[in-house]
$ cat work.txt   # compact mmCIF, N, CA and C atoms
# COMPACT_ATOMS: atom_id res chain seq x y z
N MET A 83 23.18 -15.76 0.51
CA MET A 83 23.24 -14.41 1.06
C MET A 83 22.16 -14.30 2.13
N ASN A 84 22.50 -13.82 3.28
CA ASN A 84 21.55 -13.67 4.38
C ASN A 84 21.03 -12.26 4.55
N VAL A 85 21.78 -11.27 4.08
CA VAL A 85 21.42 -9.87 4.28
C VAL A 85 21.62 -9.11 2.98
N HIS A 86 20.73 -8.21 2.71
CA HIS A 86 20.88 -7.34 1.54
C HIS A 86 20.95 -5.90 2.02
N LEU A 87 21.92 -5.16 1.56
CA LEU A 87 22.08 -3.77 1.96
C LEU A 87 21.19 -2.89 1.11
N PHE A 88 20.26 -2.18 1.74
CA PHE A 88 19.41 -1.28 0.98
C PHE A 88 20.14 0.01 0.72
N GLY A 89 19.84 0.59 -0.42
CA GLY A 89 20.52 1.79 -0.85
C GLY A 89 21.51 1.49 -1.96
N THR A 90 21.73 0.21 -2.23
CA THR A 90 22.62 -0.16 -3.32
C THR A 90 21.83 -0.17 -4.62
N VAL A 91 22.52 -0.29 -5.73
CA VAL A 91 21.88 -0.27 -7.05
C VAL A 91 20.84 -1.37 -7.18
N SER A 92 21.10 -2.52 -6.62
CA SER A 92 20.19 -3.66 -6.78
C SER A 92 19.01 -3.65 -5.81
N SER A 93 18.93 -2.70 -4.90
CA SER A 93 17.87 -2.69 -3.89
C SER A 93 16.48 -2.69 -4.49
N LEU A 94 16.25 -1.85 -5.48
CA LEU A 94 14.92 -1.75 -6.08
C LEU A 94 14.52 -3.06 -6.77
N ALA A 95 15.45 -3.68 -7.45
CA ALA A 95 15.16 -4.96 -8.11
C ALA A 95 14.84 -6.04 -7.08
N CYS A 96 15.55 -6.04 -5.98
CA CYS A 96 15.30 -7.03 -4.93
C CYS A 96 13.93 -6.81 -4.28
N THR A 97 13.58 -5.55 -4.07
CA THR A 97 12.26 -5.23 -3.51
C THR A 97 11.16 -5.73 -4.43
N ARG A 98 11.29 -5.42 -5.69
CA ARG A 98 10.27 -5.82 -6.67
C ARG A 98 10.19 -7.34 -6.78
N SER A 99 11.33 -7.99 -6.75
CA SER A 99 11.35 -9.44 -6.83
C SER A 99 10.64 -10.07 -5.63
N GLY A 100 10.87 -9.52 -4.45
CA GLY A 100 10.19 -10.01 -3.24
C GLY A 100 8.69 -9.82 -3.32
N LEU A 101 8.25 -8.67 -3.83
CA LEU A 101 6.82 -8.43 -3.98
C LEU A 101 6.19 -9.39 -5.00
N ARG A 102 6.88 -9.62 -6.10
CA ARG A 102 6.36 -10.56 -7.11
C ARG A 102 6.24 -11.97 -6.54
N GLN A 103 7.22 -12.39 -5.77
CA GLN A 103 7.17 -13.73 -5.18
C GLN A 103 6.00 -13.83 -4.20
N GLU A 104 5.81 -12.79 -3.41
CA GLU A 104 4.68 -12.78 -2.47
C GLU A 104 3.36 -12.88 -3.23
N ALA A 105 3.22 -12.13 -4.32
CA ALA A 105 1.99 -12.18 -5.12
C ALA A 105 1.77 -13.59 -5.66
N TYR A 106 2.81 -14.21 -6.13
CA TYR A 106 2.72 -15.58 -6.64
C TYR A 106 2.28 -16.54 -5.54
N ASP A 107 2.84 -16.38 -4.36
CA ASP A 107 2.55 -17.28 -3.24
C ASP A 107 1.11 -17.17 -2.74
N ILE A 108 0.49 -16.01 -2.91
CA ILE A 108 -0.85 -15.80 -2.34
C ILE A 108 -1.97 -15.80 -3.37
N THR A 109 -1.67 -16.10 -4.63
CA THR A 109 -2.67 -16.01 -5.69
C THR A 109 -3.94 -16.77 -5.37
N VAL A 110 -3.83 -17.98 -4.87
CA VAL A 110 -5.01 -18.80 -4.58
C VAL A 110 -5.76 -18.26 -3.37
N GLU A 111 -5.05 -17.88 -2.33
CA GLU A 111 -5.68 -17.43 -1.09
C GLU A 111 -6.36 -16.08 -1.23
N SER A 112 -5.74 -15.16 -1.95
CA SER A 112 -6.30 -13.82 -2.07
C SER A 112 -5.97 -13.24 -3.45
N PRO A 113 -6.76 -13.58 -4.46
CA PRO A 113 -6.46 -13.13 -5.82
C PRO A 113 -6.45 -11.61 -5.97
N GLN A 114 -7.32 -10.91 -5.24
CA GLN A 114 -7.37 -9.45 -5.34
C GLN A 114 -6.09 -8.82 -4.79
N ALA A 115 -5.62 -9.28 -3.65
CA ALA A 115 -4.38 -8.76 -3.09
C ALA A 115 -3.20 -9.12 -3.98
N ALA A 116 -3.20 -10.34 -4.52
CA ALA A 116 -2.11 -10.77 -5.41
C ALA A 116 -2.05 -9.89 -6.65
N CYS A 117 -3.20 -9.60 -7.22
CA CYS A 117 -3.27 -8.74 -8.41
C CYS A 117 -2.74 -7.34 -8.09
N PHE A 118 -3.12 -6.82 -6.93
CA PHE A 118 -2.64 -5.50 -6.52
C PHE A 118 -1.12 -5.49 -6.35
N ILE A 119 -0.59 -6.49 -5.69
CA ILE A 119 0.85 -6.55 -5.46
C ILE A 119 1.58 -6.70 -6.80
N GLN A 120 1.01 -7.47 -7.70
CA GLN A 120 1.65 -7.71 -8.99
C GLN A 120 1.56 -6.50 -9.93
N GLU A 121 0.40 -5.84 -9.96
CA GLU A 121 0.17 -4.80 -10.96
C GLU A 121 0.03 -3.39 -10.39
N GLY A 122 -0.18 -3.25 -9.09
CA GLY A 122 -0.44 -1.95 -8.50
C GLY A 122 0.76 -1.26 -7.91
N PHE A 123 1.93 -1.88 -8.03
CA PHE A 123 3.14 -1.31 -7.45
C PHE A 123 4.09 -0.82 -8.53
N TYR A 124 4.73 0.28 -8.24
CA TYR A 124 5.87 0.75 -9.02
C TYR A 124 7.02 0.80 -8.04
N VAL A 125 7.99 -0.06 -8.23
CA VAL A 125 9.09 -0.30 -7.30
C VAL A 125 8.48 -0.69 -5.95
N ASP A 126 8.45 0.22 -4.97
CA ASP A 126 7.88 -0.15 -3.67
C ASP A 126 6.72 0.75 -3.26
N ASP A 127 6.15 1.47 -4.22
CA ASP A 127 4.97 2.30 -3.97
C ASP A 127 3.76 1.69 -4.67
N GLY A 128 2.69 1.51 -3.91
CA GLY A 128 1.48 0.94 -4.48
C GLY A 128 0.37 1.98 -4.53
N LEU A 129 -0.51 1.82 -5.50
CA LEU A 129 -1.63 2.74 -5.64
C LEU A 129 -2.88 1.94 -6.00
N LYS A 130 -3.94 2.14 -5.23
CA LYS A 130 -5.19 1.40 -5.44
C LYS A 130 -6.36 2.32 -5.16
N SER A 131 -7.38 2.22 -5.97
CA SER A 131 -8.60 2.99 -5.76
C SER A 131 -9.78 2.03 -5.69
N VAL A 132 -10.63 2.24 -4.70
CA VAL A 132 -11.85 1.44 -4.56
C VAL A 132 -13.03 2.37 -4.38
N LYS A 133 -14.24 1.84 -4.54
CA LYS A 133 -15.43 2.69 -4.58
C LYS A 133 -15.98 3.10 -3.22
N THR A 134 -15.74 2.30 -2.19
CA THR A 134 -16.33 2.63 -0.89
C THR A 134 -15.29 2.57 0.22
N VAL A 135 -15.62 3.24 1.32
CA VAL A 135 -14.75 3.23 2.49
C VAL A 135 -14.61 1.82 3.05
N SER A 136 -15.71 1.09 3.12
CA SER A 136 -15.65 -0.26 3.69
C SER A 136 -14.79 -1.18 2.82
N LYS A 137 -14.86 -1.04 1.50
CA LYS A 137 -14.01 -1.84 0.63
C LYS A 137 -12.55 -1.47 0.81
N ALA A 138 -12.27 -0.20 1.00
CA ALA A 138 -10.89 0.25 1.20
C ALA A 138 -10.32 -0.33 2.49
N ILE A 139 -11.09 -0.25 3.55
CA ILE A 139 -10.63 -0.78 4.85
C ILE A 139 -10.39 -2.29 4.75
N HIS A 140 -11.33 -3.00 4.16
CA HIS A 140 -11.18 -4.45 4.01
C HIS A 140 -9.95 -4.77 3.16
N PHE A 141 -9.78 -4.05 2.06
CA PHE A 141 -8.65 -4.30 1.17
C PHE A 141 -7.32 -4.07 1.87
N ILE A 142 -7.21 -2.99 2.61
CA ILE A 142 -5.97 -2.68 3.33
C ILE A 142 -5.67 -3.77 4.36
N LYS A 143 -6.66 -4.11 5.16
CA LYS A 143 -6.45 -5.12 6.20
C LYS A 143 -6.05 -6.47 5.60
N GLU A 144 -6.75 -6.87 4.53
CA GLU A 144 -6.48 -8.15 3.89
C GLU A 144 -5.08 -8.17 3.26
N THR A 145 -4.72 -7.10 2.59
CA THR A 145 -3.40 -7.05 1.94
C THR A 145 -2.29 -7.02 2.99
N GLN A 146 -2.47 -6.27 4.07
CA GLN A 146 -1.48 -6.27 5.14
C GLN A 146 -1.34 -7.66 5.77
N ARG A 147 -2.46 -8.32 6.00
CA ARG A 147 -2.45 -9.66 6.61
C ARG A 147 -1.71 -10.65 5.71
N ILE A 148 -2.04 -10.62 4.44
CA ILE A 148 -1.42 -11.55 3.49
C ILE A 148 0.07 -11.28 3.37
N CYS A 149 0.45 -10.02 3.25
CA CYS A 149 1.88 -9.67 3.11
C CYS A 149 2.66 -10.02 4.36
N ALA A 150 2.04 -9.89 5.51
CA ALA A 150 2.73 -10.21 6.77
C ALA A 150 3.16 -11.67 6.80
N LYS A 151 2.42 -12.53 6.12
CA LYS A 151 2.81 -13.94 6.05
C LYS A 151 4.15 -14.11 5.36
N GLY A 152 4.47 -13.21 4.44
CA GLY A 152 5.75 -13.26 3.75
C GLY A 152 6.77 -12.30 4.34
N ASN A 153 6.51 -11.85 5.57
CA ASN A 153 7.39 -10.90 6.27
C ASN A 153 7.55 -9.58 5.53
N ILE A 154 6.50 -9.17 4.83
CA ILE A 154 6.47 -7.87 4.17
C ILE A 154 5.52 -6.99 4.96
N HIS A 155 6.03 -5.87 5.45
CA HIS A 155 5.23 -4.96 6.27
C HIS A 155 4.80 -3.78 5.41
N LEU A 156 3.51 -3.74 5.04
CA LEU A 156 3.00 -2.61 4.28
C LEU A 156 2.78 -1.43 5.22
N HIS A 157 3.37 -0.30 4.90
CA HIS A 157 3.24 0.87 5.74
C HIS A 157 3.29 2.12 4.86
N ASN A 158 3.26 3.27 5.49
CA ASN A 158 3.14 4.57 4.79
C ASN A 158 1.85 4.62 3.99
N LEU A 159 0.79 4.11 4.59
CA LEU A 159 -0.51 4.07 3.91
C LEU A 159 -1.20 5.42 4.01
N LEU A 160 -1.87 5.78 2.92
CA LEU A 160 -2.62 7.03 2.84
C LEU A 160 -4.01 6.77 2.31
N SER A 161 -4.91 7.66 2.61
CA SER A 161 -6.25 7.64 2.03
C SER A 161 -6.78 9.07 2.03
N ASN A 162 -7.70 9.33 1.14
CA ASN A 162 -8.34 10.64 1.14
C ASN A 162 -9.62 10.64 1.98
N LYS A 163 -9.84 9.57 2.71
CA LYS A 163 -11.01 9.47 3.58
C LYS A 163 -10.56 9.26 5.02
N GLN A 164 -11.06 10.08 5.92
CA GLN A 164 -10.66 10.01 7.32
C GLN A 164 -11.04 8.67 7.95
N LEU A 165 -12.19 8.11 7.58
CA LEU A 165 -12.60 6.82 8.15
C LEU A 165 -11.62 5.71 7.82
N VAL A 166 -11.05 5.77 6.63
CA VAL A 166 -10.05 4.77 6.24
C VAL A 166 -8.78 4.97 7.05
N LEU A 167 -8.34 6.22 7.18
CA LEU A 167 -7.16 6.52 7.98
C LEU A 167 -7.34 6.07 9.42
N ASP A 168 -8.54 6.27 9.96
CA ASP A 168 -8.82 5.88 11.34
C ASP A 168 -8.72 4.36 11.53
N ALA A 169 -8.95 3.60 10.46
CA ALA A 169 -8.89 2.14 10.54
C ALA A 169 -7.46 1.60 10.42
N ILE A 170 -6.52 2.47 10.06
CA ILE A 170 -5.12 2.08 9.91
C ILE A 170 -4.38 2.45 11.20
N SER A 171 -3.58 1.52 11.70
CA SER A 171 -2.81 1.82 12.91
C SER A 171 -1.88 2.99 12.65
N LEU A 172 -1.53 3.70 13.70
CA LEU A 172 -0.62 4.85 13.56
C LEU A 172 0.72 4.43 12.96
N ILE A 173 1.16 3.24 13.28
CA ILE A 173 2.42 2.74 12.75
C ILE A 173 2.32 2.52 11.24
N GLY A 174 1.16 2.14 10.76
CA GLY A 174 0.98 1.85 9.34
C GLY A 174 0.74 3.07 8.48
N ARG A 175 0.35 4.18 9.11
CA ARG A 175 0.04 5.39 8.34
C ARG A 175 1.30 6.09 7.86
N ALA A 176 1.12 6.85 6.79
CA ALA A 176 2.22 7.70 6.31
C ALA A 176 2.51 8.74 7.37
N SER A 177 3.77 9.02 7.58
CA SER A 177 4.13 9.96 8.64
C SER A 177 3.90 11.41 8.23
N LYS A 178 3.88 11.67 6.93
CA LYS A 178 3.70 13.05 6.47
C LYS A 178 2.47 13.13 5.58
N MET A 179 1.44 13.79 6.09
CA MET A 179 0.25 14.03 5.30
C MET A 179 -0.07 15.51 5.38
N GLU A 180 -0.52 16.06 4.26
CA GLU A 180 -0.89 17.46 4.25
C GLU A 180 -2.41 17.55 4.27
N ASN A 181 -2.94 18.44 5.08
CA ASN A 181 -4.38 18.61 5.17
C ASN A 181 -4.77 19.88 4.43
N PHE A 182 -5.43 19.71 3.32
CA PHE A 182 -5.90 20.83 2.53
C PHE A 182 -7.37 21.03 2.84
N ASP A 183 -7.75 22.23 3.17
CA ASP A 183 -9.14 22.52 3.51
C ASP A 183 -9.92 22.77 2.22
N LEU A 184 -10.55 21.74 1.71
CA LEU A 184 -11.32 21.86 0.48
C LEU A 184 -12.77 22.17 0.82
N PRO A 185 -13.40 23.07 0.08
CA PRO A 185 -14.77 23.44 0.39
C PRO A 185 -15.76 22.29 0.28
N GLU A 186 -15.55 21.39 -0.70
CA GLU A 186 -16.53 20.31 -0.90
C GLU A 186 -16.57 19.33 0.27
N LYS A 187 -15.44 18.76 0.61
CA LYS A 187 -15.44 17.71 1.62
C LYS A 187 -14.31 17.83 2.63
N GLY A 188 -13.34 18.68 2.40
CA GLY A 188 -12.21 18.81 3.32
C GLY A 188 -11.39 17.54 3.40
N THR A 189 -11.16 16.88 2.27
CA THR A 189 -10.44 15.61 2.27
C THR A 189 -8.94 15.83 2.32
N LEU A 190 -8.23 14.78 2.69
CA LEU A 190 -6.77 14.80 2.71
C LEU A 190 -6.24 14.50 1.31
N LEU A 191 -5.25 15.25 0.87
CA LEU A 191 -4.65 15.04 -0.44
C LEU A 191 -3.17 14.74 -0.29
N GLU A 192 -2.69 13.89 -1.14
CA GLU A 192 -1.27 13.55 -1.15
C GLU A 192 -0.93 13.10 -2.56
N ARG A 193 0.31 13.21 -2.95
CA ARG A 193 0.76 12.73 -4.26
C ARG A 193 1.41 11.38 -4.09
N VAL A 194 1.01 10.45 -4.96
CA VAL A 194 1.59 9.12 -5.00
C VAL A 194 1.91 8.83 -6.46
N LEU A 195 3.15 8.58 -6.74
CA LEU A 195 3.57 8.29 -8.10
C LEU A 195 3.14 9.38 -9.08
N GLY A 196 3.15 10.62 -8.61
CA GLY A 196 2.79 11.75 -9.46
C GLY A 196 1.30 11.99 -9.60
N ILE A 197 0.49 11.18 -8.95
CA ILE A 197 -0.97 11.32 -9.02
C ILE A 197 -1.46 11.90 -7.71
N GLN A 198 -2.32 12.92 -7.78
CA GLN A 198 -2.84 13.53 -6.56
C GLN A 198 -4.13 12.85 -6.15
$ encode --input "work.txt" --output "structure tokens"
Amino acid sequence: MNVHLFGTVSSLACTRSGLRQEAYDITVESPQAACFIQEGFYVDDGLKSVKTVSKAIHFIKETQRICAKGNIHLHNLLSNKQLVLDAISLIGRASKMENFDLPEKGTLLERVLGIQ
């Protein structure tokens, strides 16, 4: 089979299978990205939390680089930190983000897999 039609019943299983294969292929080169791809995704949505902005930026760039080797384009990326968003190309960012004006920090909020 050369082409798979997305939107069919098997689409989600094929997506997950591709992600698992990519994680297997990169385990030695980037164990952290492989672990994220293997355990941090539900179907085709991933969720990861890190302690610092610099770690988030590094993690995003590294995971995108590694996935690109397997022709997987990670996109629709979100962060609650503007510095992280600024480090992501416009093409890679989520197209719909809501800006909530919070008194503490004025961070961006979004729901991913039911988690705000």
$ closest_atom_pairs --input "work.txt" --of "region 148-171 of chain A" --to "region 100-110 of chain A" --cutoff "8 Å" --atoms "only C-alpha atoms" --output "tab-separated table"
residue	atom	partner	partner_atom	distance
A:Ile148	CA	A:Ile108	CA	7.2
A:Cys149	CA	A:Glu104	CA	7.0
A:Gly152	CA	A:Glu104	CA	6.3
$ closest_residue --input "work.txt" --among "A:Leu129, A:Ile139, A:Leu94, A:Gln114" --to "Ala169 (chain A)" --atoms "all atoms listed in the file"
A:Ile139
$ atom_distance --input "work.txt" --atom1 "atom C of Ala176 (chain A)" --atom2 "CA of Asn158 (chain A)"
4.9 Å
$ residues_near_point --input "work.txt" --point "(-7.3, 5.4, -3.1)" --cutoff "7 Å" --atoms "only N, CA and C atoms" --output "PDB file with N, CA and C atoms, keeping the file's coordinate frame"
ATOM      1  N   LEU A 129      -0.510   1.820  -5.500  1.00  0.00           N
ATOM      2  CA  LEU A 129      -1.630   2.740  -5.640  1.00  0.00           C
ATOM      3  C   LEU A 129      -2.880   1.940  -6.000  1.00  0.00           C
ATOM      4  N   LYS A 130      -3.940   2.140  -5.230  1.00  0.00           N
ATOM      5  CA  LYS A 130      -5.190   1.400  -5.440  1.00  0.00           C
ATOM      6  C   LYS A 130      -6.360   2.320  -5.160  1.00  0.00           C
ATOM      7  N   SER A 131      -7.380   2.220  -5.970  1.00  0.00           N
ATOM      8  CA  SER A 131      -8.600   2.990  -5.760  1.00  0.00           C
ATOM      9  C   SER A 131      -9.780   2.030  -5.690  1.00  0.00           C
ATOM     10  N   VAL A 132     -10.630   2.240  -4.700  1.00  0.00           N
ATOM     11  CA  VAL A 132     -11.850   1.440  -4.560  1.00  0.00           C
ATOM     12  C   VAL A 132     -13.030   2.370  -4.380  1.00  0.00           C
ATOM     13  N   LEU A 160      -1.870   5.780   2.920  1.00  0.00           N
ATOM     14  CA  LEU A 160      -2.620   7.030   2.840  1.00  0.00           C
ATOM     15  C   LEU A 160      -4.010   6.770   2.310  1.00  0.00           C
ATOM     16  N   SER A 161      -4.910   7.660   2.610  1.00  0.00           N
ATOM     17  CA  SER A 161      -6.250   7.640   2.030  1.00  0.00           C
ATOM     18  C   SER A 161      -6.780   9.070   2.030  1.00  0.00           C
ATOM     19  N   ASN A 162      -7.700   9.330   1.140  1.00  0.00           N
ATOM     20  CA  ASN A 162      -8.340  10.640   1.140  1.00  0.00           C
ATOM     21  C   ASN A 162      -9.620  10.640   1.980  1.00  0.00           C
TER      22      ASN A 162
END
$ atom_distance --input "work.txt" --atom1 "atom N of Gln146 (chain A)" --atom2 "atom N of Glu121 (chain A)"
14.3 Å
$ atom_distance --input "work.txt" --atom1 "CA of Lys143 (chain A)" --atom2 "CA of Ala116 (chain A)"
13.6 Å
$ select_by_dssp --input "work.txt" --residues "region 95-193 of chain A" --states "alpha helix (DSSP H)" --output "ChimeraX atom specification"
/A:95-108,113-121,135-151,164-169
$ closest_residue --input "work.txt" --among "A:Gln120, A:Glu144, A:Arg175, A:Val125" --to "Leu159 (chain A)" --atoms "all atoms listed in the file"
A:Arg175
$ select_by_dssp --input "work.txt" --residues "region 97-181 of chain A" --states "strand (DSSP E)" --output "list in words"
Phe123, Tyr124, Asp127, Gly128, Glu180 and Asn181 of chain A
